Each structure stands twice: as structure tokens, then as C-alpha cells.
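A.B. asks: mmCIF, C-alpha atoms and all ligand atoms, file my_file-v8.cif:
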```cif
data_input
#
loop_
_atom_site.label_atom_id
_atom_site.label_comp_id
_atom_site.auth_asym_id
_atom_site.auth_seq_id
_atom_site.Cartn_x
_atom_site.Cartn_y
_atom_site.Cartn_z
CA MET A 1 0.00 0.00 0.00
CA THR A 2 1.29 3.51 -0.81
CA LYS A 3 1.69 6.14 1.92
CA ASP A 4 -1.23 8.10 0.38
CA THR A 5 -3.53 5.08 0.59
CA LEU A 6 -2.49 4.48 4.20
CA ASP A 7 -3.19 8.13 5.01
CA GLU A 8 -6.61 7.90 3.37
CA LEU A 9 -7.40 4.69 5.25
CA SER A 10 -6.44 6.16 8.61
CA SER A 11 -9.28 8.69 8.41
CA ALA A 12 -11.82 6.30 6.80
CA LEU A 13 -14.60 4.71 8.85
CA PRO A 14 -15.62 1.05 9.03
CA ILE A 15 -19.14 0.16 7.87
CA ALA A 16 -20.58 -0.15 11.41
CA ALA A 17 -19.49 3.40 12.24
CA VAL A 18 -21.01 4.69 8.98
CA GLU A 19 -24.29 2.97 9.83
CA LYS A 20 -24.26 4.76 13.21
CA GLU A 21 -23.29 8.14 11.73
CA THR A 22 -25.83 8.12 8.94
CA GLY A 23 -28.66 5.87 10.10
CA LEU A 24 -28.27 3.89 6.83
CA ALA A 25 -28.17 0.11 7.38
CA LYS A 26 -25.03 -1.83 6.40
CA ASP A 27 -27.02 -3.93 3.89
CA THR A 28 -28.30 -0.74 2.27
CA LEU A 29 -24.78 0.66 1.94
CA ARG A 30 -23.58 -2.57 0.29
CA ALA A 31 -26.63 -2.73 -2.00
CA TRP A 32 -26.16 0.89 -3.18
CA GLU A 33 -22.53 0.18 -3.98
CA LYS A 34 -23.65 -2.48 -6.47
CA ARG A 35 -26.75 -0.73 -7.71
CA TYR A 36 -25.66 2.89 -7.97
CA GLY A 37 -21.86 2.71 -7.80
CA PHE A 38 -21.93 4.86 -4.64
CA PRO A 39 -20.58 4.77 -1.97
CA GLN A 40 -17.19 3.51 -3.14
CA PRO A 41 -15.38 2.46 0.01
CA LEU A 42 -11.67 1.77 0.20
CA ARG A 43 -10.57 -1.66 1.41
CA ASP A 44 -8.24 -2.13 4.37
CA ALA A 45 -5.52 -4.79 4.66
CA ALA A 46 -8.14 -7.35 5.75
CA GLY A 47 -10.34 -6.50 2.73
CA ASP A 48 -12.99 -4.78 4.86
CA ARG A 49 -14.83 -1.68 3.62
CA ARG A 50 -13.58 1.70 4.90
CA TYR A 51 -15.45 4.91 4.00
CA PRO A 52 -13.57 8.24 3.58
CA PRO A 53 -15.09 11.20 5.50
CA GLU A 54 -16.33 12.96 2.34
CA GLN A 55 -18.37 9.87 1.38
CA VAL A 56 -19.80 9.69 4.92
CA GLN A 57 -20.81 13.33 4.70
CA ARG A 58 -22.50 12.72 1.36
CA LEU A 59 -24.32 9.70 2.84
CA GLN A 60 -25.60 11.91 5.68
CA LEU A 61 -27.08 14.32 3.13
CA ILE A 62 -28.66 11.39 1.28
CA GLY A 63 -30.08 10.11 4.60
CA ARG A 64 -31.76 13.48 5.20
CA LEU A 65 -33.38 13.44 1.78
CA LEU A 66 -34.65 9.88 2.32
CA ASP A 67 -36.04 10.96 5.70
CA ALA A 68 -37.89 13.69 3.83
CA GLY A 69 -39.54 11.05 1.62
CA LEU A 70 -37.33 11.06 -1.52
CA ARG A 71 -36.47 7.73 -3.17
CA PRO A 72 -32.88 6.36 -3.24
CA GLY A 73 -32.96 6.13 -7.05
CA LYS A 74 -33.45 9.91 -7.23
CA VAL A 75 -30.67 10.92 -4.84
CA VAL A 76 -27.93 8.31 -4.37
CA GLY A 77 -26.19 9.18 -7.64
CA LEU A 78 -26.15 12.95 -7.00
CA ASP A 79 -23.00 14.87 -6.08
CA ASN A 80 -22.69 17.00 -2.94
CA GLU A 81 -23.73 20.21 -4.63
CA ALA A 82 -26.89 18.69 -6.10
CA LEU A 83 -27.76 17.09 -2.77
CA GLN A 84 -27.38 20.40 -0.94
CA GLU A 85 -29.59 22.03 -3.53
CA GLN A 86 -32.28 19.37 -3.03
CA LEU A 87 -32.08 19.84 0.75
CA ALA A 88 -32.36 23.60 0.44
CA ASN A 89 -35.48 23.13 -1.71
CA LEU A 90 -37.25 20.89 0.80
CA PRO A 91 -40.38 22.42 2.24
CA PRO A 92 -40.35 22.60 6.08
CA ARG A 93 -40.74 19.07 7.35
CA GLY A 94 -44.00 17.88 8.90
CA VAL A 95 -44.12 14.95 11.27
CA ASN A 96 -43.27 11.52 9.87
CA THR A 97 -45.69 8.66 10.22
CA ALA A 98 -45.37 4.94 9.81
CA SER A 99 -46.61 5.20 6.26
CA GLY A 100 -44.03 7.78 5.15
CA THR A 101 -44.23 11.53 5.30
CA GLU A 102 -47.47 13.09 6.39
CA PRO A 103 -49.06 15.96 4.58
CA ARG A 104 -47.20 19.11 5.53
CA GLU A 105 -48.40 21.01 8.55
CA PRO A 106 -50.74 23.89 7.76
CA ALA A 107 -48.89 27.05 6.76
CA ARG A 108 -46.79 27.89 9.75
CA GLU A 109 -47.31 31.25 11.36
CA HIS A 110 -44.02 31.05 13.13
CA ASP A 111 -41.62 30.80 10.19
CA ALA A 112 -40.23 34.30 10.72
CA LEU A 113 -39.59 33.62 14.39
CA LEU A 114 -38.01 30.30 13.53
CA GLN A 115 -35.64 32.03 11.10
CA GLU A 116 -34.81 34.66 13.69
CA LEU A 117 -33.93 31.95 16.20
CA LEU A 118 -31.72 30.17 13.66
CA ASP A 119 -29.92 33.46 13.01
CA THR A 120 -29.42 33.96 16.75
CA ILE A 121 -27.87 30.50 17.00
CA SER A 122 -25.48 31.35 14.14
CA ALA A 123 -24.60 34.62 15.85
CA SER A 124 -23.24 32.63 18.85
CA ASP A 125 -25.33 34.67 21.25
CA PRO A 126 -26.75 32.31 23.89
CA VAL A 127 -28.22 35.14 25.98
CA ALA A 128 -30.19 36.50 23.02
CA LEU A 129 -31.26 32.96 22.14
CA ARG A 130 -32.52 32.29 25.67
CA HIS A 131 -34.39 35.60 25.77
CA ALA A 132 -36.01 34.99 22.39
CA LEU A 133 -37.08 31.48 23.43
CA VAL A 134 -38.47 32.64 26.78
CA ARG A 135 -40.35 35.49 25.06
CA ALA A 136 -41.83 33.07 22.57
CA GLN A 137 -42.79 30.59 25.27
CA LEU A 138 -44.52 33.24 27.34
CA GLY A 139 -46.27 34.70 24.31
CA MET A 140 -47.46 31.43 22.79
CA GLY A 141 -48.08 29.34 25.88
CA LEU A 142 -46.15 26.15 26.55
CA ALA A 143 -48.21 23.74 24.39
CA ALA A 144 -48.00 25.84 21.20
CA PHE A 145 -44.37 26.73 21.96
CA VAL A 146 -43.49 23.02 22.01
CA THR A 147 -45.53 21.81 19.05
CA GLU A 148 -45.43 24.82 16.74
CA LEU A 149 -41.98 26.24 17.44
CA VAL A 150 -39.62 23.91 19.31
CA ALA A 151 -40.42 20.79 17.24
CA PRO A 152 -39.80 22.42 13.82
CA LEU A 153 -36.87 24.44 15.20
CA THR A 154 -35.17 21.26 16.42
CA THR A 155 -35.63 19.68 12.99
CA ALA A 156 -34.26 22.80 11.30
CA VAL A 157 -31.20 22.83 13.57
CA GLY A 158 -30.60 19.14 12.76
CA GLN A 159 -30.86 19.93 9.04
CA ALA A 160 -28.55 22.92 9.28
CA TRP A 161 -25.99 20.74 11.06
CA ALA A 162 -26.31 17.96 8.46
CA GLN A 163 -25.82 20.51 5.66
CA GLY A 164 -22.73 21.92 7.35
CA ARG A 165 -24.41 25.27 8.00
CA PHE A 166 -24.12 24.81 11.79
CA GLU A 167 -21.07 23.64 13.63
CA VAL A 168 -21.37 20.92 16.24
CA PHE A 169 -20.80 23.48 19.00
CA GLU A 170 -23.71 25.58 17.72
CA GLU A 171 -26.02 22.56 17.88
CA HIS A 172 -24.79 21.75 21.40
CA LEU A 173 -25.32 25.31 22.60
CA PHE A 174 -28.82 25.33 21.12
CA THR A 175 -29.65 22.08 22.97
CA GLU A 176 -28.31 23.44 26.27
CA VAL A 177 -30.17 26.74 26.04
CA LEU A 178 -33.42 25.13 24.90
CA THR A 179 -33.21 22.47 27.63
CA GLY A 180 -32.82 25.22 30.25
CA VAL A 181 -35.80 27.18 28.91
CA MET A 182 -38.02 24.08 28.71
CA ARG A 183 -37.03 22.89 32.20
CA ASN A 184 -37.86 26.30 33.68
CA ALA A 185 -41.17 26.43 31.85
CA ILE A 186 -42.14 22.96 33.09
CA ALA A 187 -41.08 23.81 36.66
CA SER A 188 -43.14 27.02 36.56
CA LEU A 189 -46.38 25.27 35.60
CA THR A 190 -48.89 26.23 38.20
CA THR A 191 -51.35 23.44 37.53
CA PRO A 192 -50.55 20.58 39.90
CA PRO A 193 -50.84 17.05 38.51
CA GLY A 194 -54.59 16.40 38.20
CA PRO A 195 -56.34 13.78 40.25
CA GLY A 196 -56.52 10.55 38.33
CA GLY A 197 -53.80 11.63 35.86
CA PRO A 198 -51.21 8.93 35.20
CA ARG A 199 -47.78 8.95 36.83
CA VAL A 200 -45.39 8.86 33.88
CA LEU A 201 -41.74 7.86 34.04
CA LEU A 202 -39.78 9.36 31.12
CA THR A 203 -36.37 8.37 29.82
CA THR A 204 -34.38 6.97 26.90
CA LEU A 205 -32.56 3.63 26.71
CA PRO A 206 -28.76 3.48 26.91
CA GLN A 207 -27.91 3.95 23.19
CA GLU A 208 -30.12 7.05 22.84
CA GLN A 209 -28.43 10.32 23.73
CA HIS A 210 -31.13 12.59 22.31
CA GLY A 211 -33.28 14.12 25.03
CA LEU A 212 -35.23 16.97 23.45
CA GLY A 213 -38.12 14.76 22.30
CA LEU A 214 -38.48 13.51 25.84
CA LEU A 215 -38.55 17.03 27.17
CA MET A 216 -41.28 18.02 24.69
CA VAL A 217 -43.32 14.98 25.72
CA GLU A 218 -42.83 15.87 29.41
CA ALA A 219 -44.05 19.43 28.88
CA LEU A 220 -47.21 18.27 27.09
CA LEU A 221 -47.95 15.50 29.58
CA ALA A 222 -47.51 17.92 32.49
CA LEU A 223 -50.03 20.22 30.80
CA GLU A 224 -52.44 17.27 30.58
CA GLY A 225 -52.23 16.89 34.36
CA CYS A 226 -49.83 13.92 34.44
CA ALA A 227 -47.28 13.57 37.22
CA CYS A 228 -43.99 13.36 35.31
CA ILE A 229 -40.82 11.80 36.64
CA SER A 230 -37.97 12.30 34.15
CA LEU A 231 -34.74 10.34 34.50
CA GLY A 232 -33.16 12.19 31.56
CA THR A 233 -31.46 10.10 28.89
CA GLN A 234 -29.70 6.72 28.75
CA THR A 235 -31.12 4.70 31.62
CA PRO A 236 -30.17 1.01 31.72
CA LEU A 237 -33.14 -1.33 31.29
CA GLY A 238 -32.98 -2.78 34.80
CA ASP A 239 -33.00 0.71 36.29
CA VAL A 240 -36.06 1.70 34.26
CA VAL A 241 -37.86 -1.26 35.79
CA GLN A 242 -36.67 -0.39 39.31
CA ALA A 243 -37.56 3.28 38.90
CA ALA A 244 -41.02 2.43 37.59
CA GLN A 245 -41.61 0.41 40.72
CA ALA A 246 -40.07 2.97 43.12
CA HIS A 247 -42.18 5.80 41.62
CA ARG A 248 -45.34 3.69 41.26
CA ALA A 249 -45.41 4.66 37.59
CA ASP A 250 -48.55 3.97 35.57
CA VAL A 251 -46.78 4.64 32.31
CA VAL A 252 -43.18 4.42 31.09
CA ALA A 253 -42.60 6.77 28.12
CA LEU A 254 -39.50 6.37 25.96
CA SER A 255 -38.16 8.38 23.03
CA PHE A 256 -36.11 7.02 20.09
CA THR A 257 -34.66 9.15 17.28
CA ASN A 258 -33.86 7.88 13.78
CA VAL A 259 -30.26 7.27 14.89
CA GLN A 260 -31.54 4.04 16.45
CA ASN A 261 -32.22 1.00 14.33
CA GLY A 262 -34.74 -1.77 14.86
CA SER A 263 -32.16 -4.44 15.61
CA ASN A 264 -31.23 -2.63 18.85
CA VAL A 265 -34.52 -1.04 19.74
CA LEU A 266 -36.99 -3.88 19.28
CA PRO A 267 -35.25 -6.54 21.43
CA SER A 268 -34.68 -3.95 24.20
CA LEU A 269 -38.34 -2.98 24.11
CA ARG A 270 -39.52 -6.60 24.22
CA SER A 271 -37.25 -7.24 27.18
CA LEU A 272 -38.45 -4.13 29.00
CA ARG A 273 -42.07 -5.06 28.33
CA ALA A 274 -41.45 -8.52 29.80
CA GLN A 275 -39.86 -7.03 32.93
CA LEU A 276 -42.47 -4.37 33.65
CA PRO A 277 -45.70 -5.35 35.43
CA GLY A 278 -48.59 -5.72 32.98
CA SER A 279 -50.38 -2.83 34.72
CA VAL A 280 -47.66 -0.38 33.60
CA ALA A 281 -48.30 0.99 30.11
CA LEU A 282 -45.33 1.44 27.77
CA TRP A 283 -45.57 4.41 25.38
CA VAL A 284 -42.85 4.92 22.80
CA GLY A 285 -42.33 7.61 20.19
CA GLY A 286 -39.80 9.58 18.15
CA ALA A 287 -38.52 9.39 14.58
CA CYS A 288 -37.15 5.80 14.78
CA SER A 289 -39.09 4.11 11.97
CA ALA A 290 -38.75 0.57 13.40
CA LEU A 291 -41.30 1.51 16.06
CA TYR A 292 -44.08 1.88 13.52
CA GLN A 293 -43.51 -0.95 11.09
CA LYS A 294 -45.55 -3.59 12.95
CA PRO A 295 -47.71 -3.41 16.04
CA LEU A 296 -45.60 -4.16 19.11
CA ASP A 297 -47.19 -6.44 21.68
CA GLY A 298 -48.12 -4.53 24.83
CA ILE A 299 -46.47 -1.33 23.58
CA THR A 300 -48.13 1.83 22.25
CA ALA A 301 -46.07 3.53 19.54
CA VAL A 302 -47.14 7.07 18.66
CA GLN A 303 -45.04 9.44 16.66
CA PRO A 304 -46.74 12.85 16.62
CA LEU A 305 -46.80 14.83 19.82
CA SER A 306 -50.44 15.66 19.11
CA GLU A 307 -51.35 12.04 19.96
CA LEU A 308 -50.38 12.48 23.62
CA ARG A 309 -53.63 14.14 24.61
CA ARG A 310 -55.62 11.20 23.20
CA LEU A 311 -53.38 8.68 24.96
CA VAL A 312 -53.87 10.38 28.32
CA ALA A 313 -57.65 10.60 27.80
CA GLN A 314 -57.75 6.91 26.88
CA TRP A 315 -55.68 6.01 29.93
CA ARG A 316 -58.08 7.98 32.15
CA GLU A 317 -61.07 6.15 30.68
CA THR A 318 -59.63 2.72 31.30
CA ALA A 319 -57.95 3.39 34.69
C1 LIG B 401 -29.47 17.87 19.62
C2 LIG B 401 -29.06 16.71 18.74
C3 LIG B 401 -27.97 15.93 19.15
C4 LIG B 401 -27.32 16.09 20.53
C5 LIG B 401 -28.31 15.55 21.60
C6 LIG B 401 -28.12 16.22 22.96
C7 LIG B 401 -29.33 16.09 23.85
N1 LIG B 401 -29.09 16.37 25.10
O1 LIG B 401 -30.43 15.78 23.43
C8 LIG B 401 -26.02 15.23 20.39
C9 LIG B 401 -24.86 16.13 20.06
C10 LIG B 401 -25.65 14.34 21.58
C11 LIG B 401 -26.34 14.38 19.14
C12 LIG B 401 -25.63 13.27 18.83
C13 LIG B 401 -25.81 12.55 17.67
N2 LIG B 401 -26.67 12.86 16.66
CO1 LIG B 401 -28.01 14.13 16.81
N3 LIG B 401 -29.38 15.49 16.71
C14 LIG B 401 -29.76 16.42 17.54
C15 LIG B 401 -31.03 17.12 17.01
C16 LIG B 401 -30.70 18.53 16.52
C17 LIG B 401 -32.18 17.15 18.04
C18 LIG B 401 -32.29 15.79 18.71
C19 LIG B 401 -33.54 15.45 19.41
O2 LIG B 401 -33.64 15.50 20.63
N4 LIG B 401 -34.49 14.98 18.67
C20 LIG B 401 -35.63 14.29 19.26
C21 LIG B 401 -36.95 14.80 18.75
C22 LIG B 401 -37.00 16.31 18.89
O3 LIG B 401 -37.17 14.46 17.41
P1 LIG B 401 -37.96 13.17 16.89
O4 LIG B 401 -37.22 11.92 17.25
O5 LIG B 401 -38.18 13.46 15.45
O6 LIG B 401 -39.37 13.11 17.70
C23 LIG B 401 -40.49 13.93 17.40
C24 LIG B 401 -41.79 13.20 17.67
O7 LIG B 401 -41.80 11.88 17.22
C25 LIG B 401 -41.98 13.36 19.15
N5 LIG B 401 -41.49 12.37 20.07
C26 LIG B 401 -40.21 12.13 20.43
N6 LIG B 401 -40.16 11.22 21.39
C27 LIG B 401 -41.44 10.85 21.68
C28 LIG B 401 -41.93 9.94 22.60
C29 LIG B 401 -43.32 9.76 22.70
C30 LIG B 401 -43.86 8.79 23.70
C31 LIG B 401 -44.20 10.50 21.83
C32 LIG B 401 -45.64 10.34 21.90
C33 LIG B 401 -43.66 11.42 20.92
C34 LIG B 401 -42.30 11.58 20.84
O8 LIG B 401 -41.28 14.55 19.47
C35 LIG B 401 -40.55 15.06 18.40
C36 LIG B 401 -41.30 16.27 17.93
O9 LIG B 401 -40.63 16.90 16.88
C37 LIG B 401 -31.47 16.15 15.86
C38 LIG B 401 -32.35 16.75 14.79
C39 LIG B 401 -33.75 16.09 14.79
N7 LIG B 401 -34.44 16.23 13.72
O10 LIG B 401 -34.17 15.45 15.73
C40 LIG B 401 -30.14 15.49 15.47
C41 LIG B 401 -30.14 14.09 14.85
C42 LIG B 401 -31.18 13.19 15.52
N8 LIG B 401 -28.80 13.59 15.16
C43 LIG B 401 -28.26 12.91 14.21
C44 LIG B 401 -27.00 12.25 14.30
C45 LIG B 401 -26.47 11.63 13.02
C46 LIG B 401 -26.32 12.16 15.52
C47 LIG B 401 -25.02 11.37 15.81
C48 LIG B 401 -24.94 9.97 15.20
C49 LIG B 401 -23.89 12.30 15.36
C50 LIG B 401 -22.49 11.76 15.62
N9 LIG B 401 -21.81 11.60 14.53
O11 LIG B 401 -22.09 11.50 16.71
C51 LIG B 401 -25.02 11.33 17.36
C52 LIG B 401 -25.72 10.06 17.90
C53 LIG B 401 -25.88 10.01 19.40
C54 LIG B 401 -26.71 8.82 19.88
N10 LIG B 401 -26.16 7.62 19.86
O12 LIG B 401 -27.85 9.00 20.30
C55 LIG B 401 -29.15 12.87 12.98
C56 LIG B 401 -29.80 11.51 12.74
C57 LIG B 401 -29.87 11.19 11.27
C58 LIG B 401 -30.20 9.75 11.03
N11 LIG B 401 -31.16 9.54 10.17
O13 LIG B 401 -29.63 8.88 11.57
C59 LIG B 401 -30.18 14.03 13.26
C60 LIG B 401 -31.59 13.81 12.69
C61 LIG B 401 -29.56 15.32 12.65
C62 LIG B 401 -29.55 15.29 11.14
N12 LIG B 401 -30.38 16.06 10.52
O14 LIG B 401 -28.81 14.60 10.50
N13 LIG B 401 -27.39 14.90 18.46
#
```
Using C-alpha cells, write down the structure that the file contains.
C.D. replies:
Amino acid sequence: MTKDTLDELSSALPIAAVEKETGLAKDTLRAWEKRYGFPQPLRDAAGDRRYPPEQVQRLQLIGRLLDAGLRPGKVVGLDNEALQEQLANLPPRGVNTASGTEPREPAREHDALLQELLDTISASDPVALRHALVRAQLGMGLAAFVTELVAPLTTAVGQAWAQGRFEVFEEHLFTEVLTGVMRNAIASLTTPPGPGGPRVLLTTLPQEQHGLGLLMVEALLALEGCACISLGTQTPLGDVVQAAQAHRADVVALSFTNVQNGSNVLPSLRSLRAQLPGSVALWVGGACSALYQKPLDGITAVQPLSELRRLVAQWRETA
């Protein structure tokens, strides 16, 4: 091997890491290689595939377009510039459902505010960002703030990061500031948990570091009069079971983003279901598509936040 090839290989990722980075399954990556001639991984001394960073970046862009409902045949062959152009032309994303992308949300009143917030993030001004978020939350009320502003803003930040328009530190700062604002808003709710509302334990499983979905769910459940106990992210399975018992939880609610794939998520969920008493409901949601492909025994999978109200009402009726 030449020194150049060795240099290239040292920064290239193995297929498992690419799957994790992009959310694209290993089998898909291998199939595209044959079908579309992209990606074109290098091979290491053992003959295993290794993907240079620029190919991984292009795969991330492709992943975003597939998430938005485009077909592989339309995007896998495109170069970076064309992919960026397609991403820039995407209409604001609605919520995904099991059957693909839902009709777009009705024209959003808050687009200007959303753009202003994105600009504030780019301007590296956390104080201005916090003020703007608090102002919006107070003006709109917590429920609309979460569903109409925070949810699309989070998606837009993720897109900006994937397109290289936001640095990692900008995304981290956004998450920190937003988490602080949401936590304060939830703590300041004056309505105490309603009588007969479920006690809900919220967390994510160990592989899932993303916590904003959970926080949005907590805010909406608290508004519905539920008593929420949040463990934050990444709780080992056994501890979820113990915590559910210690807190006399009626419901365990978990969030999974599209970083997670079915081969990890589904066995963990089955195991958790088997360990929790039958009287404890298990609600799961988030963009992880594996949750919605088939009904899961004893588990309620609901993607849109708007479904939470119905779930709570149903729980009240049957409790
Ligand atoms: C902030 C963020 C991070 C932060 C998280 C910090 C924190 N404390 O949360 C950090 C830096 C850790 C991070 C890491 C990574 N991230 Co990240 N991240 C994000 C971002 C911007 C928000 C994440 C989030 O909380 N989303 C959760 C919610 C808001 O979204 P949702 O799953 O779509 O759920 C919606 C509904 O379904 C509902 N919902 C959610 N949960 C539940 C539960 C119930 C019961 C119900 C009813 C409803 C419900 O609420 C949401 C409303 O919009 C997203 C962008 C995005 N679109 O989400 C990227 C994103 C999820 N990350 C991504 C990636 C690639 C990664 C990394 C792999 C990057 C890396 N190379 O390390 C790692 C993986 C870490 C891991 N193993 O979990 C990609 C995933 C792409 C893909 N298809 O795989 C995204 C989509 C960004 C992008 N556009 O490319 N990330």
C-alpha cells in the first residue's frame, strides 16, 4: 500500500461506524454500492470496507433526503452540490408517520420567528437565544411553543448541522439553552398534577443520547395533568424497571430518534415489556421508523406529539 492510501485509510470509517453516523443500514450501503456505484469504500488490509469522510458526509445528506420522503434512485447518484440544492429546496418538514411523510403542517405562522432563532444560533449569542425562546414561550403558551416552534426548530437545527451550516458546538449550545428554557417552563407550571392523571416515568434507553423529544413529551404531559418523573437520557433497562416500581409509575414513556435502528430497539423494548408489570403501560415515540412498522405487543407507539392528549384521555377512561 502507498503512503497516500495508508493516510486515506487512517481517516476512513468502518461500515458499522457509517451505519451509526448516517442511520443507513449496512445492507443498504452494500446494496447501493452495487446498484448505484456509490458509496465507493476503500478496502483495508483485511479486505474490509472503509469509508472516507467525504463519502460519509454525502451519505448523511442522502439520509436526510430519504427521511424527507425522496427515493434512493433519485438521490444516491447525485453529487454533494446537487444534494445540498435538493435539501435547500425541501419544504419545512411535517411529522413523519409509519406510512411515510405526512401531509405538511398547515402554513406555519411562526416561520419568521423560527428564522430569527436560527440566526441567533449562528450569531453565537446564547443570551439572546434564551431571551427569544423565553419570550416566545410566554407569548405562545407552553403547548403551542413546544408543538409549533420547538419541534420544527429542532428539525431545522438538525438539518442545518447535516448541511454543514451549523457547527457541532452551535447545535450543542442550542440544545443546552433550549433544555434550560423548557425545564424552567415545566417547573413554573402552576397546575398541579390532576387527580386521576397517570404517573409517567420518562427516559431513553442506553444507546439514545437525544433528550429533546423527551422534554417536549414531558411538557405536554404535564399540561395534561400527568405527574412526570424524568430520568433524563440513557437509563439502563434494569433501572427503568426499578424506577417504575419505586415511583409507582402507571406509564413508562421512551423516546427514540432515527439514529436508532430496529435491531437494537426492538429486542430492548420486548425485554423491557417482559420485565415491567402488565399494569404499567409502555408508550414509545420519536422518529425511529422501526417503532411503527408492525404493532408491538403490549407497547403503544405514537409518533406525533399531538397524539399524547388522546393517549392520556384513553388512559383515564380505562384506569
Ligand atoms: C441535539 C441533537 C444531538 C445532541 C443531543 C443532545 C441532547 N441532550 O439531546 C447530540 C450532540 C448528543 C447528538 C448526537 C448525535 N446525533 Co443528533 N441530533 C440532535 C437534534 C438537533 C435534536 C435531537 C432530538 O432531541 N431529537 C428528538 C426529537 C425532537 O425528534 P424526533 O425523534 O423526530 O421526535 C419527534 C416526535 O416523534 C416526538 N417524540 C419524540 N419522542 C417521543 C416519545 C413519545 C412517547 C411520543 C408520543 C412522541 C415523541 O417529538 C418530536 C417532535 O418533533 C437532531 C435533529 C432532529 N431532527 O431530531 C439530530 C439528529 C437526531 N442527530 C443525528 C445524528 C447523526 C447524531 C449522531 C450519530 C452524530 C455523531 N456523529 O455522533 C449522534 C448520535 C448520538 C446517539 N447515539 O444518540 C441525525 C440523525 C440522522 C439519522 N437519520 O440517523 C439528526 C436527525 C440530525 C440530522 N439532521 O442529520 N445529536
A.B. asks: Rank A:Ala227, A:Ala16, A:Ala243, A:Leu266 by their smallest atom-to-atom distance to ligand LIG 401 (chain B), using all atoms listed in the file, and report the top residue only.
C.D. replies: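 Closest to ligand LIG 401 (chain B), using all atoms listed in the file: A:Ala16.
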A.B. asks: With only C-alpha atoms and all ligand atoms as the atoms that count, which of A:Thr300, A:Ser122, A:Ser271, A:Ser263 lies nearest to ligand LIG 401 (chain B)?
C.D. replies: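 For ligand LIG 401 (chain B), the nearest of the candidates is A:Thr300.
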A.B. asks: May I have the residues at most 6 Å from (-35.8, 13.9, 30.9) in the file's coordinates, counting only C-alpha atoms, as a list in words?
C.D. replies: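 Answer for this query, in the requested form: Thr203, Leu214, Leu215, Ser230, Leu231 and Gly232 of chain A.
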A.B. asks: Within 9 Å of stretch 275-282 of chain A, counting all atoms listed in the file, which residues qualify if same-chain residues fewer than 2 places away don't, as number ranges by chain?
C.D. replies: A: 237-238, 240-241, 244-245, 248-254, 270-273, 284, 298-301, 315
A.B. asks: First collect every listed atom of ligand LIG 401 (chain B); then fit an axis-aligned box around them, widen it by 4 Å on each side, and give centre and edge lengths in Å to one decimal, as JSON.
C.D. replies:
```
{"center_x": -33.7, "center_y": 13.1, "center_z": 17.6, "size_x": 31.8, "size_y": 18.9, "size_z": 22.9}
```
A.B. asks: Determine the nearest neighbour of ligand LIG 401 (chain B) from the options A:Ala151, A:Ile186, A:Leu24, A:Leu202, counting all atoms listed in the file.
C.D. replies: A:Ala151
A.B. asks: Mind giving me the straight-line distance from atom N12 of ligand LIG 401 (chain B) to atom CA of A:Leu59 in Å, one decimal?
C.D. replies: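 Atom-to-atom, atom N12 of ligand LIG 401 (chain B) and atom CA of A:Leu59 are spaced 11.7 Å apart.
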A.B. asks: List as a list in words the protein and nucleic acid residues near A:Val259, meaning an atom at most 12 Å away when only C-alpha atoms are counted, but skip any in the same chain fewer than 6 places from it.
C.D. replies: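 Near A:Val259, the qualifying residues are Ala17, Val18, Glu19, Lys20, Glu21, Thr22, Gly23, Leu24, Ala25, Gln60, Gly63, Arg64, Asp67, Gln207, Glu208, Gln209, His210, Val265, Gly286, Ala287, Cys288, Ser289 and Ala290 of chain A.
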A.B. asks: Which residues, written as an NGL selection string, have at least one atom at most 9 Å from A:Pro52, with only C-alpha atoms counted and residues fewer than 4 positions away on the same chain left out?
C.D. replies: :A and (8-13 or 40-42 or 56-57)
A.B. asks: Next, write the just-selected residues to a file, as a short mmCIF file (atom, residue, chain, number, x, y, z; two decimals), in the coordinates of the input, keeping C-alpha atoms as the atom set.
C.D. replies:
```cif
data_model
loop_
_atom_site.label_atom_id
_atom_site.label_comp_id
_atom_site.auth_asym_id
_atom_site.auth_seq_id
_atom_site.Cartn_x
_atom_site.Cartn_y
_atom_site.Cartn_z
CA GLU A 8 -6.61 7.90 3.37
CA LEU A 9 -7.40 4.69 5.25
CA SER A 10 -6.44 6.16 8.61
CA SER A 11 -9.28 8.69 8.41
CA ALA A 12 -11.82 6.30 6.80
CA LEU A 13 -14.60 4.71 8.85
CA GLN A 40 -17.19 3.51 -3.14
CA PRO A 41 -15.38 2.46 0.01
CA LEU A 42 -11.67 1.77 0.20
CA VAL A 56 -19.80 9.69 4.92
CA GLN A 57 -20.81 13.33 4.70
#
```
A.B. asks: Quick one: of A:Gln314, A:Gln163, A:Thr120, A:Gln303, who's nearest to ligand LIG 401 (chain B), counting all atoms listed in the file?
C.D. replies: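 Of the candidates, the smallest distance to ligand LIG 401 (chain B) is held by A:Gln303.
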